[in-house]
Structures are given as C-alpha cells and as structure tokens.
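A.B. asks: Following this message is one structure expressed as structure tokens.
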Amino acid sequence: MAELIINNIGKLYRPREGEVEVFENASVRIEGGVFSDISERPLTPATDAAKVLDAGGMVAIPGIVDPHTHAVFAGDRTDELLMKLKGLSYLEILSSGGGIAKLLRERIGEFMRWGVTTLEVKSGYGMDRDTEVKQLQAALEVETLSDVVTTFLGAHIIPPEYSDKREEYVSFLTDVMIPYVAERGLARFVDVFCDRGVYTLEEAEEILRAGKKHGLLLKIHSDELENLGATRMAAELGATSADHLLLSEEEDLQAMAEHGTVPVLLPGTVFTTFLPHYPDARRMLDAGLPVALATDFNPNCPLQNPFFVAQLAVFKMRMMPEDVLKALTVNAAKAIAEPQRGMVEEGLPADLVLLEVKSFTEALYRLGYDPIRVVVKGGKVVRRWVNGAR
Ligand SMILES: [Zn+2]
C-alpha cells in the first residue's frame, strides 16, 4: 500500500460543516489513497518505500471542489469578448460535440493545476439527444485523475427551432431524454435554467419532477435575471443545490434552509456579464445556509481559477476567509452530493493542496497571486512546482 507522508505543514486547514479547525506544524500520512494519520507533530514512515515530502511551512487545504461548470462547450470563444465589449448580447452557439473529449481532458487538467480535484460538469450545448449524450459520456469517460460528477442540462436554452413549440421540447426532455440519461447512468443530476427568456417556472417544475421520478438528483439555475420563484420550487422538490441566487428573497432562503438545499454562488458570472449586483452571501450565511462557490466555467465566463472566485467572494460579497474556505471545499462537496470530499479527515480520500502563503487569508489578500505549489489527488502528487518550497 503506497505511503505518502507530508511533514512540516505550517497550517493545515480542516473545514467541516461547522467550524474550520487549524492544525499548526501539522503532518499527514496517506495510505491506499486515504488519510490514515493527521498529526500536530512530525510523522515517521511506516515502510521503507514511503515517500516523504517536506511542506516547508506551507499551508494545506483540502482539494478544491468546483460544483458548477459547463466544461464541455466546443471550441475557443475568445472572439466573444470583443463582441461583448462592443455591446452585443451573448450569443448562444450550439456546439457540434466534435473533439470534445480532448478539450475536456485539457480543461480538467487546467482545473487540477488550480487545485480543483473534484468537479461537476454539465451538458447543455447539444440540445439533441446524440450530442447531449456524447457530452455526458465524454465527461464520464475522460482520462483524468479528477473526480467528475455529471449533470444533464438539456434545459439550458430553448433550441431556436422549438421557439414556437416549447412544450414539444419540454416533453422531449421529460419523456425521452431524462429517462434515457437516467437509465444509462449518464448523469447524477438534472438541472434547468429557469429565468427570464429561458424556462418558465412551470416548465422547470415539470422537468425537475421528471428527473426526480427517474432517480436523478436536482439542481436549478435560479434568480439570476429575475426571481420567478424557482429557488423555492426547487427546494420544495428537494433540490441538492440552487445556483446563482442574485435576486433571492427571504422566503427562498427559508425554503433552502428547510429542505437542505445548498446555495451555490457564481460571482465570476456577475463579473464577466456586467450584472449590477452580487448575491447576498452574508444574508445566506446569517440564515445558516452552507454557502458554496463555483467558477461557472463556460464560454461566457472563461474562469478556472478558484482563487479569483474566492477574491470576488471577499471583495464583492464580504465573505470571511473561513466561510470562503468552506464554500470551496466542504460545502461545494455537499452541493454535488459528494460528502467524502472537501475535508481532511482520517479515512477520507486524500485530496490536498499546498499553498505558498502563511495563512489561507493571505491567499485571498494577494490579488492575482498564484499560491498553488503541490496538488495531491487520491494520495498521489499530481502537480508540483519545484521552486515552491520556502
Ligand atoms: Zn451555469
């Protein structure tokens, strides 16, 4: 059983649903891909074959979890930045699904480089059965060390050819796609973009109910451009998460608290789409909600660096460092029903990131600074920057 010891961790952050515990001068022992010993004194190898890494006083946090990405879009959309700057509204370009596996592998590798060891990937750029299935399959089968959780988002936009027969497309989703995807285990979640100009509250409810009936867990894109009541509706159906939440009201927060729905906030999208305000994270935290953060990586928000998201959370939403850390780890894991992720506990999978800072707060304070030095996934060192040691 491969053994890895990391000694001399200046501060080891152990986020849990309640508090974040911090171990000083900590060490971890990893065996068989899980943490087997977490200590506040140096550990000695149990076997000759053990690898020992000196963290040089760096900070360690759990592997970051990104619970909301649209990482399967096709192609590079750099040109769209120019279009946005010229004042054009974002054009949804339907993808062909071609070459997606290669693109996806590169993108997941880039996430890993930023310390993201588990991520959610949504379909939703196909809009026909074969392309949607191809996207989900690519996300499930991609050769990567990361853990990938898939979400069926056939209800991303209304395909233009269905604009005057919407109910036909909704029936196609509820009667054909959802059973197909659920039966084949292609997705854990079903999701709907319920907002002005996309899916109505009634359509969204129909789609989520169909997903639930077929054993999928539920997610919703809600309260981004208008509050249609989608957060409350989804929470009452038992949704695992509700995402965006710029315009959520008191009753939405209450419904989430009552039904255990995790609020997932995506400040990167607010930033890139010039929206007027950020979600009210403080109010959600005061209501006792386990706020999670995500990149929303998509052509409109080409963001894969979770520290940029974290800095928006601090500077635009006034989140405290401890809440930000939980939002990137334990709460994000909860948002994708991966309760073993986002924590550093004996017996749990050993995903860990070493940061070259003296505290997690310093990583939030230093704007644009890249603190990542070592990424451990399932007990293996998968990224290491040689100059990183202090
Ligand atoms: Zn999204």
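FYI, nothing fancy with the structure tokens labels: chains A, B, ... in order, residues from 1 per chain, ligands from 1 as they appear.
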Write out as number ranges by chain each polymer residue (protein, DNA or RNA) that has an atom no more than 7 Å from ligand 1, with only C-alpha atoms and all ligand atoms counted.

C.D. replies: A: 68-70, 221, 296

A.B. asks: Would you save the residues from that selection as a PDB file, in the first residue's frame, using N, CA and C atoms?

C.D. replies:
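See part38.pdb below for the written result:
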ATOM      1  N   HIS A  68     -20.011  23.654 -10.077  1.00  0.00           N
ATOM      2  CA  HIS A  68     -20.844  24.189 -11.168  1.00  0.00           C
ATOM      3  C   HIS A  68     -19.941  24.614 -12.322  1.00  0.00           C
ATOM      4  N   THR A  69     -19.817  23.742 -13.336  1.00  0.00           N
ATOM      5  CA  THR A  69     -19.081  24.116 -14.547  1.00  0.00           C
ATOM      6  C   THR A  69     -19.851  23.634 -15.775  1.00  0.00           C
ATOM      7  N   HIS A  70     -19.596  24.331 -16.865  1.00  0.00           N
ATOM      8  CA  HIS A  70     -20.141  23.913 -18.164  1.00  0.00           C
ATOM      9  C   HIS A  70     -18.941  23.574 -19.052  1.00  0.00           C
ATOM     10  N   HIS A 221     -30.754  26.538 -11.963  1.00  0.00           N
ATOM     11  CA  HIS A 221     -30.182  27.872 -12.172  1.00  0.00           C
ATOM     12  C   HIS A 221     -31.328  28.846 -11.889  1.00  0.00           C
ATOM     13  N   ASP A 296     -18.498  28.456 -12.472  1.00  0.00           N
ATOM     14  CA  ASP A 296     -19.439  28.558 -13.592  1.00  0.00           C
ATOM     15  C   ASP A 296     -18.689  28.556 -14.928  1.00  0.00           C
TER      16      ASP A 296
END

A.B. asks: Among stretch 153-243 of chain A, which residues carry a DSSP assignment of helix (DSSP H, G or I), reported as number ranges by chain?

C.D. replies: A: 160-162, 166-183, 201-213, 230-236

A.B. asks: Write the residues of the preceding selection, restricted to C-alpha atoms, as a PDB file, in the first residue's frame.

C.D. replies:
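So the final result, stored in selection-v3.pdb, reads:
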ATOM      1  CA  PRO A 160     -34.316  28.106 -31.702  1.00  0.00           C
ATOM      2  CA  GLU A 161     -36.176  25.553 -33.830  1.00  0.00           C
ATOM      3  CA  TYR A 162     -38.536  24.965 -30.883  1.00  0.00           C
ATOM      4  CA  ARG A 166     -41.726  24.956 -26.468  1.00  0.00           C
ATOM      5  CA  GLU A 167     -43.978  22.321 -24.958  1.00  0.00           C
ATOM      6  CA  GLU A 168     -42.712  19.864 -27.571  1.00  0.00           C
ATOM      7  CA  TYR A 169     -39.128  20.353 -26.429  1.00  0.00           C
ATOM      8  CA  VAL A 170     -40.093  20.115 -22.752  1.00  0.00           C
ATOM      9  CA  SER A 171     -41.890  16.807 -23.476  1.00  0.00           C
ATOM     10  CA  PHE A 172     -38.835  15.602 -25.357  1.00  0.00           C
ATOM     11  CA  LEU A 173     -36.778  16.305 -22.235  1.00  0.00           C
ATOM     12  CA  THR A 174     -39.216  14.757 -19.759  1.00  0.00           C
ATOM     13  CA  ASP A 175     -40.326  11.746 -21.826  1.00  0.00           C
ATOM     14  CA  VAL A 176     -37.255  10.887 -23.882  1.00  0.00           C
ATOM     15  CA  MET A 177     -34.042  12.444 -22.632  1.00  0.00           C
ATOM     16  CA  ILE A 178     -34.416  12.197 -18.870  1.00  0.00           C
ATOM     17  CA  PRO A 179     -35.412   8.506 -18.860  1.00  0.00           C
ATOM     18  CA  TYR A 180     -32.604   7.778 -21.354  1.00  0.00           C
ATOM     19  CA  VAL A 181     -29.948   9.595 -19.336  1.00  0.00           C
ATOM     20  CA  ALA A 182     -31.139   8.165 -16.008  1.00  0.00           C
ATOM     21  CA  GLU A 183     -31.364   4.569 -17.239  1.00  0.00           C
ATOM     22  CA  LEU A 201     -41.374  28.162 -13.518  1.00  0.00           C
ATOM     23  CA  GLU A 202     -43.973  25.647 -14.744  1.00  0.00           C
ATOM     24  CA  GLU A 203     -41.621  24.166 -17.363  1.00  0.00           C
ATOM     25  CA  ALA A 204     -38.790  23.942 -14.846  1.00  0.00           C
ATOM     26  CA  GLU A 205     -41.000  22.172 -12.327  1.00  0.00           C
ATOM     27  CA  GLU A 206     -42.148  19.678 -14.935  1.00  0.00           C
ATOM     28  CA  ILE A 207     -38.550  18.903 -15.884  1.00  0.00           C
ATOM     29  CA  LEU A 208     -37.334  18.569 -12.294  1.00  0.00           C
ATOM     30  CA  ARG A 209     -40.287  16.331 -11.380  1.00  0.00           C
ATOM     31  CA  ALA A 210     -39.459  14.058 -14.319  1.00  0.00           C
ATOM     32  CA  GLY A 211     -35.840  13.908 -13.180  1.00  0.00           C
ATOM     33  CA  LYS A 212     -36.859  13.084  -9.638  1.00  0.00           C
ATOM     34  CA  LYS A 213     -39.230  10.370 -10.836  1.00  0.00           C
ATOM     35  CA  ALA A 230     -37.663  28.832  -8.932  1.00  0.00           C
ATOM     36  CA  THR A 231     -35.455  28.571  -5.853  1.00  0.00           C
ATOM     37  CA  ARG A 232     -38.434  27.919  -3.588  1.00  0.00           C
ATOM     38  CA  MET A 233     -39.953  25.491  -6.088  1.00  0.00           C
ATOM     39  CA  ALA A 234     -36.723  23.507  -6.460  1.00  0.00           C
ATOM     40  CA  ALA A 235     -36.033  23.466  -2.711  1.00  0.00           C
ATOM     41  CA  GLU A 236     -39.521  22.124  -2.063  1.00  0.00           C
TER      42      GLU A 236
END

A.B. asks: How many Å lie between atom CA of A:Asn300 and atom CA of A:Leu275, rounded to one decimal?

C.D. replies: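 Separating atom CA of A:Asn300 from atom CA of A:Leu275 is a distance of 12.6 Å.
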
A.B. asks: Could you pull the residues within 9 Å of A:Gly238, counting only C-alpha atoms, minus those fewer than 4 positions along the same chain, as a PyMOL selection string?

C.D. replies: chain A and resi 217-218+233-234+256+259-261

A.B. asks: Determine, counting only C-alpha atoms, which protein, DNA and RNA residues have an atom within 10 Å of an atom of A:Thr47; residues of the same chain fewer than 5 positions away are not included. Present the result as an mmCIF file with N, CA and C atoms, in the first residue's frame.

C.D. replies:
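out.cif, freshly written:
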data_model
loop_
_atom_site.group_PDB
_atom_site.id
_atom_site.type_symbol
_atom_site.label_atom_id
_atom_site.label_comp_id
_atom_site.auth_asym_id
_atom_site.auth_seq_id
_atom_site.Cartn_x
_atom_site.Cartn_y
_atom_site.Cartn_z
ATOM 1 N N MET A 1 0.849 -1.188 0.000
ATOM 2 C CA MET A 1 0.000 0.000 0.000
ATOM 3 C C MET A 1 0.891 1.246 0.000
ATOM 4 N N ALA A 2 0.794 2.018 -1.060
ATOM 5 C CA ALA A 2 1.669 3.202 -1.184
ATOM 6 C C ALA A 2 1.459 4.156 -0.014
ATOM 7 N N GLU A 3 2.594 4.609 0.526
ATOM 8 C CA GLU A 3 2.519 5.513 1.676
ATOM 9 C C GLU A 3 3.151 6.857 1.320
ATOM 10 N N LEU A 4 2.459 7.917 1.634
ATOM 11 C CA LEU A 4 2.997 9.275 1.433
ATOM 12 C C LEU A 4 2.843 10.029 2.745
#

A.B. asks: Name all residues at most 7 Å from A:Gly268 (count only C-alpha atoms; drop same-chain ones fewer than 4 positions away) and give them as a list in words.

C.D. replies: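 Final neighbour list, sorted by chain and number: Thr272, Thr295, Cys301 and Val309 of chain A.
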
A.B. asks: Figure out the distance between atom CA of A:Glu24 and atom CA of A:Val59, please, to one decimal in Å.

C.D. replies: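 Separation between atom CA of A:Val59 and atom CA of A:Glu24: 9.4 Å.
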
A.B. asks: For a quick check of understanding, using only C-alpha atoms, which of A:Asp351, A:Glu106, A:Asp191, A:Asp130 has the smallest distance to A:Ile64?

C.D. replies: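 Of the candidates, the smallest distance to A:Ile64 is held by A:Asp351.
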
A.B. asks: Per DSSP on the backbone, what are the strand (DSSP E) residues of stretch 109-165 of chain A, as a list in words?

C.D. replies: Val116, Thr117, Thr118, Leu119, Glu120, Val121, Lys122, Asp147, Val148, Val149, Thr150, Thr151, Phe152, Leu153, Gly154 and Ala155 of chain A

A.B. asks: Would you mind listing what lies within 10 Å of A:Gly197 as a list in words, with only C-alpha atoms counted and same-chain residues fewer than 2 positions away left out?

C.D. replies: Ile157, Ile158, Phe193, Cys194, Asp195, Tyr199, Thr200, Leu225 and Glu226 of chain A

A.B. asks: Could you pull the residues within 12 Å of A:Asp370, counting only C-alpha atoms, minus those fewer than 4 positions along the same chain, as a short mmCIF file (atom, residue, chain, number, x, y, z; two decimals) with C-alpha atoms, in the first residue's frame?

C.D. replies:
data_model
loop_
_atom_site.label_atom_id
_atom_site.label_comp_id
_atom_site.auth_asym_id
_atom_site.auth_seq_id
_atom_site.Cartn_x
_atom_site.Cartn_y
_atom_site.Cartn_z
CA ARG A 113 -3.46 22.78 -11.90
CA TRP A 114 -5.53 25.22 -9.81
CA GLY A 115 -6.09 22.68 -7.05
CA ASN A 305 -9.05 29.75 -11.07
CA PRO A 306 -10.96 29.23 -7.81
CA PHE A 307 -8.84 31.89 -6.07
CA PHE A 308 -10.25 34.53 -8.40
CA LEU A 354 -0.28 23.07 -0.61
CA LEU A 355 -0.24 26.86 -0.89
CA GLU A 356 2.82 29.07 -0.59
CA VAL A 357 1.37 31.54 1.91
CA GLU A 362 -3.01 35.68 2.70
CA ALA A 363 -4.04 33.73 -0.41
CA LEU A 364 -7.19 35.89 -0.56
CA TYR A 365 -5.37 39.11 0.24
CA ARG A 366 -2.74 38.84 -2.52
CA VAL A 374 1.59 20.96 -4.72
CA TRP A 385 6.25 23.31 -8.69
CA GLY A 388 7.72 26.28 -4.49
#

A.B. asks: At what distance in Å, to one decimal, does atom CA of A:Phe189 lie from atom CA of A:Met319?

C.D. replies: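 Rounded to one decimal, the two atoms are 27.9 Å apart.
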
A.B. asks: With distances taken over only C-alpha atoms, which residue among A:Gln340, A:Asn25, A:Ser146, A:Gln137 lies nearest A:Ile108?

C.D. replies: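 Using only C-alpha atoms, A:Ile108 sits closest to A:Ser146.
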